[in-house]
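Listing of start30.txt; format and content: compact mmCIF, C-alpha atoms.
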```
# COMPACT_ATOMS: atom_id res chain seq x y z
CA MET I 1 -0.42 3.76 -24.41
CA ILE I 2 -2.90 1.65 -22.43
CA GLU I 3 -3.07 -0.80 -25.33
CA ILE I 4 0.73 -1.09 -25.36
CA LYS I 5 0.78 -1.81 -21.64
CA LYS I 6 -1.93 -4.45 -22.09
CA ASN I 7 0.21 -6.10 -24.74
CA ILE I 8 3.23 -6.01 -22.44
CA ILE I 9 1.26 -7.71 -19.66
CA SER I 10 -0.05 -10.35 -22.07
CA SER I 11 3.46 -10.99 -23.31
CA ILE I 12 4.86 -11.30 -19.82
CA LEU I 13 2.14 -13.67 -18.68
CA VAL I 14 2.83 -15.83 -21.72
CA LEU I 15 6.57 -15.64 -21.09
CA MET I 16 6.09 -16.74 -17.52
CA ALA I 17 3.98 -19.65 -18.71
CA ALA I 18 6.76 -20.55 -21.13
CA GLY I 19 9.38 -20.18 -18.41
CA SER I 20 7.44 -22.52 -16.17
CA ILE I 21 7.12 -25.12 -18.91
CA LEU I 22 10.75 -24.94 -19.96
CA SER I 23 12.12 -25.32 -16.48
CA SER I 24 9.97 -28.25 -15.48
CA SER I 25 10.46 -31.80 -16.71
CA SER I 26 6.80 -32.68 -16.38
CA PHE I 27 4.38 -29.85 -16.84
CA ASP I 28 1.12 -30.29 -14.99
CA TYR I 29 -1.48 -28.60 -17.18
CA GLN I 30 -4.31 -29.24 -14.79
CA ASN I 31 -2.58 -27.51 -11.89
CA SER I 32 -1.03 -24.76 -13.93
CA PRO I 33 -2.25 -21.20 -13.43
CA PHE I 34 -1.85 -20.80 -17.18
CA PRO I 35 -4.18 -22.25 -19.79
CA PRO I 36 -2.82 -25.12 -21.92
CA GLN I 37 -3.95 -23.61 -25.24
CA THR I 38 -0.88 -21.39 -25.56
CA ASN I 39 1.35 -23.71 -27.62
CA THR I 40 1.46 -21.39 -30.60
CA VAL I 41 2.16 -18.35 -28.50
CA ILE I 42 4.84 -20.18 -26.54
CA SER I 43 6.84 -20.71 -29.70
CA GLN I 44 6.65 -16.96 -30.25
CA SER I 45 7.96 -16.41 -26.76
CA PHE I 46 11.07 -18.41 -27.67
CA ASN I 47 11.97 -15.59 -30.00
CA LEU I 48 11.60 -13.11 -27.22
CA GLU I 49 13.66 -15.29 -24.93
CA ASN I 50 16.37 -15.57 -27.59
CA ASP I 51 16.37 -11.80 -27.70
CA GLY I 52 17.39 -11.90 -24.09
CA TYR I 53 14.10 -10.62 -22.75
CA LEU I 54 14.01 -13.28 -20.08
CA MET I 55 17.37 -14.37 -18.82
CA SER I 56 17.99 -16.81 -16.05
CA ASN I 57 20.62 -15.61 -13.63
CA GLY I 58 21.93 -18.63 -11.76
CA ASN I 59 24.19 -16.50 -9.59
CA ASN I 60 21.19 -15.21 -7.72
CA ILE I 61 20.29 -18.69 -6.56
CA THR I 62 22.93 -18.50 -3.87
CA THR I 63 21.05 -15.65 -2.23
CA MET I 64 17.99 -17.82 -1.64
CA ASN I 65 17.41 -18.56 1.99
CA SER I 66 16.28 -22.15 1.49
CA SER I 67 18.35 -25.27 1.91
CA SER I 68 15.94 -27.45 -0.06
CA PHE I 69 15.80 -25.23 -3.11
CA ASP I 70 15.85 -27.13 -6.38
CA ILE I 71 17.97 -25.58 -9.18
CA ALA I 72 15.32 -26.05 -11.87
CA GLU I 73 12.71 -24.55 -9.60
CA ALA I 74 15.07 -21.72 -8.75
CA ASN I 75 15.54 -20.93 -12.42
CA SER I 76 11.78 -20.87 -12.83
CA THR I 77 11.39 -18.62 -9.79
CA ILE I 78 14.01 -16.20 -11.02
CA LYS I 79 12.43 -16.09 -14.47
CA ASN I 80 9.09 -15.29 -12.90
CA TYR I 81 10.74 -12.72 -10.66
CA GLN I 82 12.47 -11.07 -13.59
CA ALA I 83 9.24 -11.02 -15.55
CA VAL I 84 7.42 -9.33 -12.68
CA LYS I 85 10.30 -6.90 -12.32
CA GLN I 86 10.17 -6.17 -16.03
CA LEU I 87 6.47 -5.42 -15.77
CA ILE I 88 7.10 -2.99 -12.93
CA ASN I 89 9.77 -1.25 -14.98
CA ASP I 90 7.53 -1.13 -18.04
CA LEU I 91 4.67 0.35 -16.09
CA VAL I 92 6.97 2.83 -14.34
CA LEU I 93 4.81 1.74 -11.46
CA ASP I 94 3.62 4.43 -9.15
CA LYS I 95 1.78 3.25 -6.02
CA GLU I 96 -0.48 6.28 -6.27
CA ASP I 97 -1.50 5.21 -9.78
CA ASP I 98 -4.53 2.95 -9.32
CA LEU I 99 -4.41 1.74 -12.91
CA ALA I 100 -0.80 0.57 -12.56
CA MET I 101 -1.53 -1.02 -9.18
CA ASN I 102 -4.51 -2.82 -10.70
CA LYS I 103 -2.26 -4.28 -13.39
CA PHE I 104 0.24 -5.41 -10.79
CA ASN I 105 -2.55 -6.96 -8.71
CA THR I 106 -3.97 -8.76 -11.75
CA LEU I 107 -0.56 -10.21 -12.51
CA ILE I 108 -0.02 -11.46 -8.95
CA GLU I 109 -3.57 -12.82 -8.84
CA SER I 110 -2.92 -14.81 -12.00
CA LEU I 111 0.19 -16.34 -10.45
CA ARG I 112 -1.08 -17.15 -6.99
CA SER I 113 -3.67 -19.79 -7.50
CA ASN I 114 -3.65 -23.13 -9.31
CA ASP I 115 -7.30 -22.58 -10.00
CA SER I 116 -8.08 -19.01 -10.98
CA THR I 117 -11.83 -19.50 -10.60
CA SER I 118 -11.67 -20.37 -6.92
CA ASN I 119 -9.03 -19.95 -4.25
CA ILE I 120 -8.68 -23.64 -3.45
CA SER I 121 -4.95 -24.17 -3.82
CA ILE I 122 -1.85 -22.07 -4.04
CA SER I 123 0.73 -22.44 -6.80
CA ASP I 124 4.12 -23.75 -5.61
CA LYS I 125 5.85 -21.48 -8.10
CA TYR I 126 4.03 -18.50 -6.64
CA VAL I 127 5.14 -19.46 -3.12
CA ASP I 128 8.74 -19.73 -4.35
CA LEU I 129 8.35 -16.36 -6.04
CA ILE I 130 7.06 -14.49 -2.97
CA ASN I 131 9.74 -16.10 -0.79
CA TYR I 132 12.39 -15.06 -3.30
CA ILE I 133 11.01 -11.50 -3.37
CA GLN I 134 10.95 -11.31 0.43
CA TYR I 135 14.67 -11.98 0.66
CA ASN I 136 15.78 -10.07 -2.44
CA ASP I 137 13.57 -7.13 -3.33
CA ILE I 138 12.32 -4.57 -0.84
CA TYR I 139 10.26 -2.63 -3.39
CA LEU I 140 8.34 -5.68 -4.61
CA THR I 141 7.89 -6.77 -0.99
CA GLU I 142 6.21 -3.41 -0.36
CA LEU I 143 3.96 -3.87 -3.38
CA LEU I 144 3.02 -7.40 -2.30
CA LEU I 145 2.12 -6.17 1.18
CA GLU I 146 -0.14 -3.55 -0.37
CA PHE I 147 -1.66 -6.26 -2.57
CA PHE I 148 -2.40 -8.36 0.53
CA GLU I 149 -3.86 -5.38 2.37
CA ARG I 150 -6.57 -5.11 -0.27
CA LYS I 151 -7.60 -8.76 0.09
CA GLU I 152 -10.04 -10.30 2.54
CA TYR I 153 -8.48 -12.71 5.04
CA ASP I 154 -10.67 -15.65 4.05
CA SER I 155 -8.95 -15.70 0.65
CA ILE I 156 -5.44 -15.61 2.13
CA PHE I 157 -3.27 -18.73 2.07
CA GLY I 158 -1.06 -19.74 5.00
CA GLU I 159 2.08 -18.97 3.01
CA GLU I 160 0.83 -15.42 2.42
CA ASP I 161 -0.04 -15.00 6.10
CA ASN I 162 3.48 -16.19 6.91
CA PHE I 163 4.92 -13.72 4.35
CA VAL I 164 3.24 -10.80 6.13
CA VAL I 165 4.15 -11.91 9.65
CA THR I 166 7.75 -12.55 8.57
CA ALA I 167 7.82 -9.03 7.10
CA LEU I 168 6.61 -7.73 10.45
CA GLU I 169 9.27 -9.71 12.32
CA ASN I 170 12.26 -8.99 10.10
CA GLY I 171 11.51 -5.96 7.96
CA SER I 172 12.57 -2.33 8.15
CA ILE I 173 10.24 0.09 9.94
CA ARG I 174 8.58 0.88 6.61
CA ILE I 175 8.03 -2.81 5.81
CA GLN I 176 6.70 -3.26 9.34
CA GLU I 177 4.26 -0.39 8.77
CA LEU I 178 2.91 -2.01 5.62
CA ALA I 179 2.65 -5.38 7.39
CA ILE I 180 0.70 -3.71 10.22
CA ASN I 181 -1.62 -2.10 7.65
CA THR I 182 -2.26 -5.55 6.19
CA LEU I 183 -2.96 -7.12 9.58
CA TYR I 184 -5.22 -4.15 10.33
CA SER I 185 -7.13 -5.02 7.19
CA TRP I 186 -7.32 -8.77 7.86
CA ARG I 187 -8.14 -8.73 11.59
CA HIS I 188 -6.94 -12.32 11.69
CA SER I 189 -3.73 -14.30 11.43
CA ARG I 190 -2.70 -17.90 11.91
CA TYR I 191 0.36 -16.57 13.72
CA VAL I 192 -1.02 -14.31 16.47
CA ASN I 193 1.55 -15.61 18.97
CA ARG I 194 4.39 -14.63 16.66
CA ILE I 195 2.84 -11.19 16.17
CA LYS I 196 2.58 -10.69 19.93
CA ASN I 197 6.34 -11.14 20.25
CA VAL I 198 7.15 -8.37 17.77
CA THR I 199 8.30 -4.95 18.94
CA VAL I 200 8.26 -2.05 16.50
CA LYS I 201 10.69 0.76 17.20
CA ASN I 202 8.17 3.46 16.46
CA TYR I 203 5.84 4.76 19.14
CA TYR I 204 2.80 5.12 16.90
CA LEU I 205 3.24 1.87 15.00
CA GLN I 206 3.73 -0.07 18.24
CA LYS I 207 0.39 1.34 19.45
CA ASP I 208 -1.23 0.33 16.16
CA LEU I 209 0.20 -3.17 16.51
CA GLU I 210 -1.06 -3.50 20.09
CA TYR I 211 -4.49 -2.39 18.93
CA ILE I 212 -4.65 -4.95 16.15
CA VAL I 213 -3.47 -7.77 18.45
CA SER I 214 -6.25 -6.85 20.87
CA GLU I 215 -8.71 -6.98 17.95
CA MET I 216 -7.43 -10.44 16.98
CA GLU I 217 -7.78 -11.88 20.50
CA MET P 1 -6.78 26.63 17.80
CA PRO P 2 -6.97 25.90 14.04
CA TYR P 3 -4.96 23.17 12.33
CA LEU P 4 -4.17 21.91 8.84
CA VAL P 5 -4.59 18.16 8.55
CA LYS P 6 -2.57 15.89 6.32
CA LYS P 7 -2.31 12.15 5.76
CA ILE P 8 1.09 10.61 6.59
CA ASN P 9 2.99 7.33 6.70
CA LEU P 10 4.33 6.93 10.23
CA ALA P 11 7.46 4.94 9.39
CA PHE P 12 9.08 7.83 7.55
CA TRP P 13 9.16 10.18 10.53
CA ALA P 14 11.01 10.39 13.84
CA ASP P 15 8.57 9.44 16.60
CA GLY P 16 10.29 11.42 19.35
CA VAL P 17 10.51 8.31 21.54
CA ASN P 18 12.69 5.73 19.81
CA VAL P 19 14.00 8.23 17.30
CA PRO P 20 14.29 11.89 18.41
CA TYR P 21 13.88 14.64 15.85
CA SER P 22 17.24 16.37 15.56
CA GLY P 23 16.61 19.03 12.95
CA ILE P 24 15.93 19.30 9.26
CA ASP P 25 19.05 17.35 8.25
CA SER P 26 17.63 14.27 9.93
CA ILE P 27 14.40 14.18 7.88
CA SER P 28 14.51 11.15 5.59
CA ALA P 29 14.25 11.59 1.83
CA ASP P 30 11.32 9.15 1.79
CA ALA P 31 9.42 11.41 4.20
CA ILE P 32 9.72 14.29 1.74
CA THR P 33 9.22 12.36 -1.51
CA CYS P 34 6.32 10.24 -0.24
CA ASP P 35 4.53 12.32 2.38
CA VAL P 36 5.18 15.82 1.07
CA LYS P 37 4.37 14.97 -2.50
CA THR P 38 3.44 18.10 -4.40
CA GLY P 39 1.54 18.74 -7.62
CA ASN P 40 1.89 22.06 -9.38
CA ASN P 41 4.15 23.00 -6.43
CA GLU P 42 1.15 22.73 -4.13
CA LEU P 43 0.32 20.45 -1.24
CA SER P 44 -3.23 19.57 -0.27
CA VAL P 45 -4.38 19.99 3.37
CA TRP P 46 -7.68 20.29 5.24
CA LYS P 47 -8.41 23.02 7.77
CA ILE P 48 -10.09 22.30 11.10
CA ASP P 49 -10.98 24.82 13.78
CA ASP P 50 -9.89 22.57 16.67
CA LEU P 51 -8.67 19.03 17.24
CA ASN P 52 -12.19 17.73 17.84
CA GLU P 53 -12.85 18.14 14.12
CA ILE P 54 -9.99 15.93 12.99
CA ASP P 55 -12.35 12.92 12.92
CA LEU P 56 -14.33 14.68 10.21
CA VAL P 57 -11.24 14.85 7.99
CA SER P 58 -10.71 11.10 8.39
CA ILE P 59 -14.32 10.41 7.34
CA SER P 60 -13.90 12.79 4.43
CA MET P 61 -10.81 10.90 3.24
CA VAL P 62 -12.53 7.55 3.52
CA SER P 63 -15.57 8.85 1.65
CA ILE P 64 -13.71 8.99 -1.67
CA MET P 65 -11.81 5.70 -1.43
CA ASP P 66 -11.98 3.62 -4.59
CA TYR P 67 -9.95 0.73 -3.17
CA LYS P 68 -9.79 -1.08 0.12
CA SER P 69 -7.51 0.43 2.71
CA SER P 70 -7.24 -0.52 6.38
CA LYS P 71 -6.22 2.58 8.29
CA ILE P 72 -5.45 6.25 7.92
CA ASN P 73 -2.79 8.18 9.82
CA LEU P 74 -3.30 11.93 10.10
CA VAL P 75 -1.24 14.75 11.50
CA ALA P 76 -2.71 18.08 12.60
CA LEU P 77 -0.23 20.86 11.80
CA PRO P 78 -0.41 24.31 13.44
CA TYR P 79 -2.35 26.59 11.06
CA ASP P 80 -0.87 29.82 12.41
CA GLU P 81 2.75 28.73 11.96
CA ILE P 82 2.16 27.51 8.41
CA ASN P 83 0.18 30.60 7.50
CA GLU P 84 2.99 32.77 8.82
CA LYS P 85 5.90 30.97 7.14
CA LEU P 86 4.37 29.61 3.91
CA ILE P 87 1.85 30.63 1.26
CA LEU P 88 -1.59 29.24 1.99
CA GLY P 89 -4.67 29.44 -0.23
CA ASN P 90 -8.26 28.32 0.34
CA THR P 91 -9.02 26.12 -2.68
CA PRO P 92 -12.45 24.45 -2.37
CA ARG P 93 -12.37 23.41 -6.05
CA HIS P 94 -9.37 21.15 -5.35
CA GLY P 95 -11.00 19.41 -2.40
CA LYS P 96 -12.17 15.86 -3.08
CA THR P 97 -14.76 14.78 -0.55
CA ALA P 98 -18.27 13.37 -0.37
CA ILE P 99 -19.16 15.33 2.76
CA ILE P 100 -21.52 18.12 1.73
CA ASP P 101 -19.93 21.58 1.94
CA PHE P 102 -16.67 20.16 3.29
CA GLU P 103 -14.81 21.31 0.16
CA ASN P 104 -14.65 24.75 1.78
CA ARG P 105 -12.20 23.32 4.29
CA HIS P 106 -9.68 22.50 1.58
CA TYR P 107 -6.46 24.50 1.38
CA ASP P 108 -3.32 24.27 -0.68
CA ILE P 109 0.12 25.19 0.60
CA GLN P 110 1.29 26.99 -2.54
CA SER P 111 4.39 27.99 -4.48
CA LEU P 112 6.49 25.40 -2.67
CA ASN P 113 10.16 25.28 -3.54
CA TYR P 114 13.33 23.61 -2.27
CA LYS P 115 13.55 25.92 0.71
CA SER P 116 9.89 26.11 1.70
CA ILE P 117 9.36 22.36 1.42
CA GLY P 118 12.13 22.08 4.00
CA VAL P 119 10.28 24.51 6.25
CA LEU P 120 7.13 22.43 5.90
CA GLY P 121 9.07 19.19 6.52
CA HIS P 122 10.48 20.73 9.69
CA ILE P 123 7.03 21.73 10.97
CA MET P 124 5.74 18.22 10.23
CA ALA P 125 8.69 16.44 11.85
CA LYS P 126 8.50 18.69 14.91
CA THR P 127 4.76 18.04 15.30
CA ILE P 128 4.97 14.27 14.78
CA SER P 129 7.83 13.87 17.25
CA GLU P 130 6.46 16.08 20.01
CA VAL P 131 6.06 14.62 23.48
CA ASP P 132 2.30 14.83 24.05
CA LYS P 133 1.39 12.76 20.93
CA VAL P 134 -2.00 14.43 20.52
CA HIS P 135 -1.51 15.69 16.96
CA VAL P 136 -1.09 12.32 15.29
CA ARG P 137 -4.12 10.03 14.99
CA THR P 138 -4.69 6.57 13.57
CA TYR P 139 -8.13 5.76 12.22
CA ASP P 140 -9.60 2.35 11.58
CA VAL P 141 -11.30 2.50 8.17
CA LYS P 142 -13.89 -0.14 9.15
CA LYS P 143 -15.05 2.07 12.03
CA LEU P 144 -15.02 5.16 9.81
CA LEU P 145 -17.34 3.39 7.39
CA VAL P 146 -19.88 3.04 10.20
CA ASP P 147 -19.65 6.78 10.85
CA LEU P 148 -19.94 7.46 7.14
CA LYS P 149 -23.07 5.32 6.89
CA ARG P 150 -24.61 7.31 9.73
CA MET P 151 -23.81 10.54 7.91
CA CYS P 152 -25.38 9.11 4.75
CA ASP P 153 -28.54 8.38 6.70
CA ASP P 154 -28.49 11.94 8.01
CA HIS P 155 -28.18 13.26 4.41
CA LYS P 156 -24.80 14.86 5.10
CA ILE P 157 -23.15 12.98 2.26
CA ASN P 158 -23.28 13.47 -1.48
CA VAL P 159 -23.68 9.81 -2.44
CA ASN P 160 -22.66 10.49 -6.03
CA LYS P 161 -19.20 11.49 -4.86
CA LEU P 162 -18.54 8.37 -2.80
CA GLY P 163 -15.62 6.20 -3.90
CA GLU P 164 -16.25 2.82 -5.50
CA TYR P 165 -14.93 0.84 -2.53
CA VAL P 166 -17.07 2.84 -0.13
CA LYS P 167 -20.20 2.42 -2.25
CA GLU P 168 -19.65 -1.32 -2.28
CA GLU P 169 -19.05 -1.50 1.48
CA LEU P 170 -22.15 0.58 2.22
CA GLY P 171 -24.28 -1.42 -0.20
CA LEU P 172 -24.78 1.54 -2.51
CA SER P 173 -23.29 0.04 -5.68
CA LYS P 174 -25.64 -0.24 -8.62
```

Could you write out this file's structure as structure tokens?
Amino acid sequence: MIEIKKNIISSILVLMAAGSILSSSSFDYQNSPFPPQTNTVISQSFNLENDGYLMSNGNNITTMNSSSFDIAEANSTIKNYQAVKQLINDLVLDKEDDLAMNKFNTLIESLRSNDSTSNISISDKYVDLINYIQYNDIYLTELLLEFFERKEYDSIFGEEDNFVVTALENGSIRIQELAINTLYSWRHSRYVNRIKNVTVKNYYLQKDLEYIVSEME
Amino acid sequence: MPYLVKKINLAFWADGVNVPYSGIDSISADAITCDVKTGNNELSVWKIDDLNEIDLVSISMVSIMDYKSSKINLVALPYDEINEKLILGNTPRHGKTAIIDFENRHYDIQSLNYKSIGVLGHIMAKTISEVDKVHVRTYDVKKLLVDLKRMCDDHKINVNKLGEYVKEELGLSK
């Protein structure tokens, strides 16, 4: 069973690499989170794509909250989103299941940086993906917040910091709770002034938020 | 007064300030499916003799953490009410903790069914939303790790049972 799941993850990572290549007119191998030696495997992924495993859904583009969103990039984002979603479905992901969460975290980690060996730059496609998730998928937003909670702040990019603070500002009480947990973990944010302006409509969580702001100051 | 302590997510429950608790029908499904999650129709809780001991439960929970977590929210539920209305069993073998001899504090609320899980949900919602706010506590895991280290130094911890994350944070990883 574990071996099957490993294969699924490998397939999805390859499919996402293929999706990125197909949707971009000039593929930048150097800045890609995926290794360039996958030509053979990419041709295999065509078969999977023809089977309808990854389907671009242009209709969803209209739900993006970005005026400067490029159609080709949007297609790539949605392919990546659908691949992540497929992985979640395949894993029947349970947040209490550490093995499943580890697989999810590994997948996100592989997407987030242009250079997997050091956190020096963030992938544009990953930024598009997390923005898309924030406006379209509450469950994946929750999982991402839990992913960020486990990370140290010095490895967090500004876009990720913004993701968490935006979740705190605009999310449901549950999303706000997970954002507070993350800020509790980080003890820092580039957006302390924004955090100070947030009010959470839950007595206990508001106290937690006030505590973490005092820790940040 | 004895209590049974359980970990909760605050967002699922009425806080009694912004959202009053208005009876069992108002308990959210997420509160039941996430915070009253049973296994073998049982629910794990820790017994304390008074509220001063609740800190010990928080340290116990941190002691077995395999992955980083930032804070823990606990609720102390009235032991007498639960013991009167539900089936309670002392189950040290089910207690996961690195604190020596703390397993004895572990209890399971047993034979839970559709009706009794509602009774438990009601007791939880009532306690979390009460006015005095003394039965819900938030703990900062970083501070708990300091307490845990002190207990390690005092030989009150079975180091072999510590979680992977905790071992790493306390510099005890091999």

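In this structure, CA of Ile32 (chain P) sits 10.2 Å away from CA of Met124 (chain P).
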
Would you kindly report the residues of chain I within 12 Å of chain P, using all atoms listed in the file, as a PyMOL selection string?
chain I and resi 94-99+101-102+145-152+171-187+199-209+211-212+215

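Taking CA of Asn89 (chain I) and CA of Ala31 (chain P) as endpoints, the distance between them is 23.0 Å.
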
How big is the axis-aligned box around all listed atoms of region 198-201 of chain I once 6 Å goes on each side, and where's its centre, in Å to one decimal, as lines of an AutoDock Vina configuration file?
```
center_x = 8.9
center_y = -3.8
center_z = 17.7
size_x = 15.5
size_y = 21.1
size_z = 14.4
```

Might you pull out every residue within 8 Å of region 53-58 of chain P, with all atoms listed in the file counted and same-chain residues fewer than 3 positions away left off, and present them as a PyMOL selection string?
chain P and resi 5+46+48-50+61-62+72+74+76+139+144
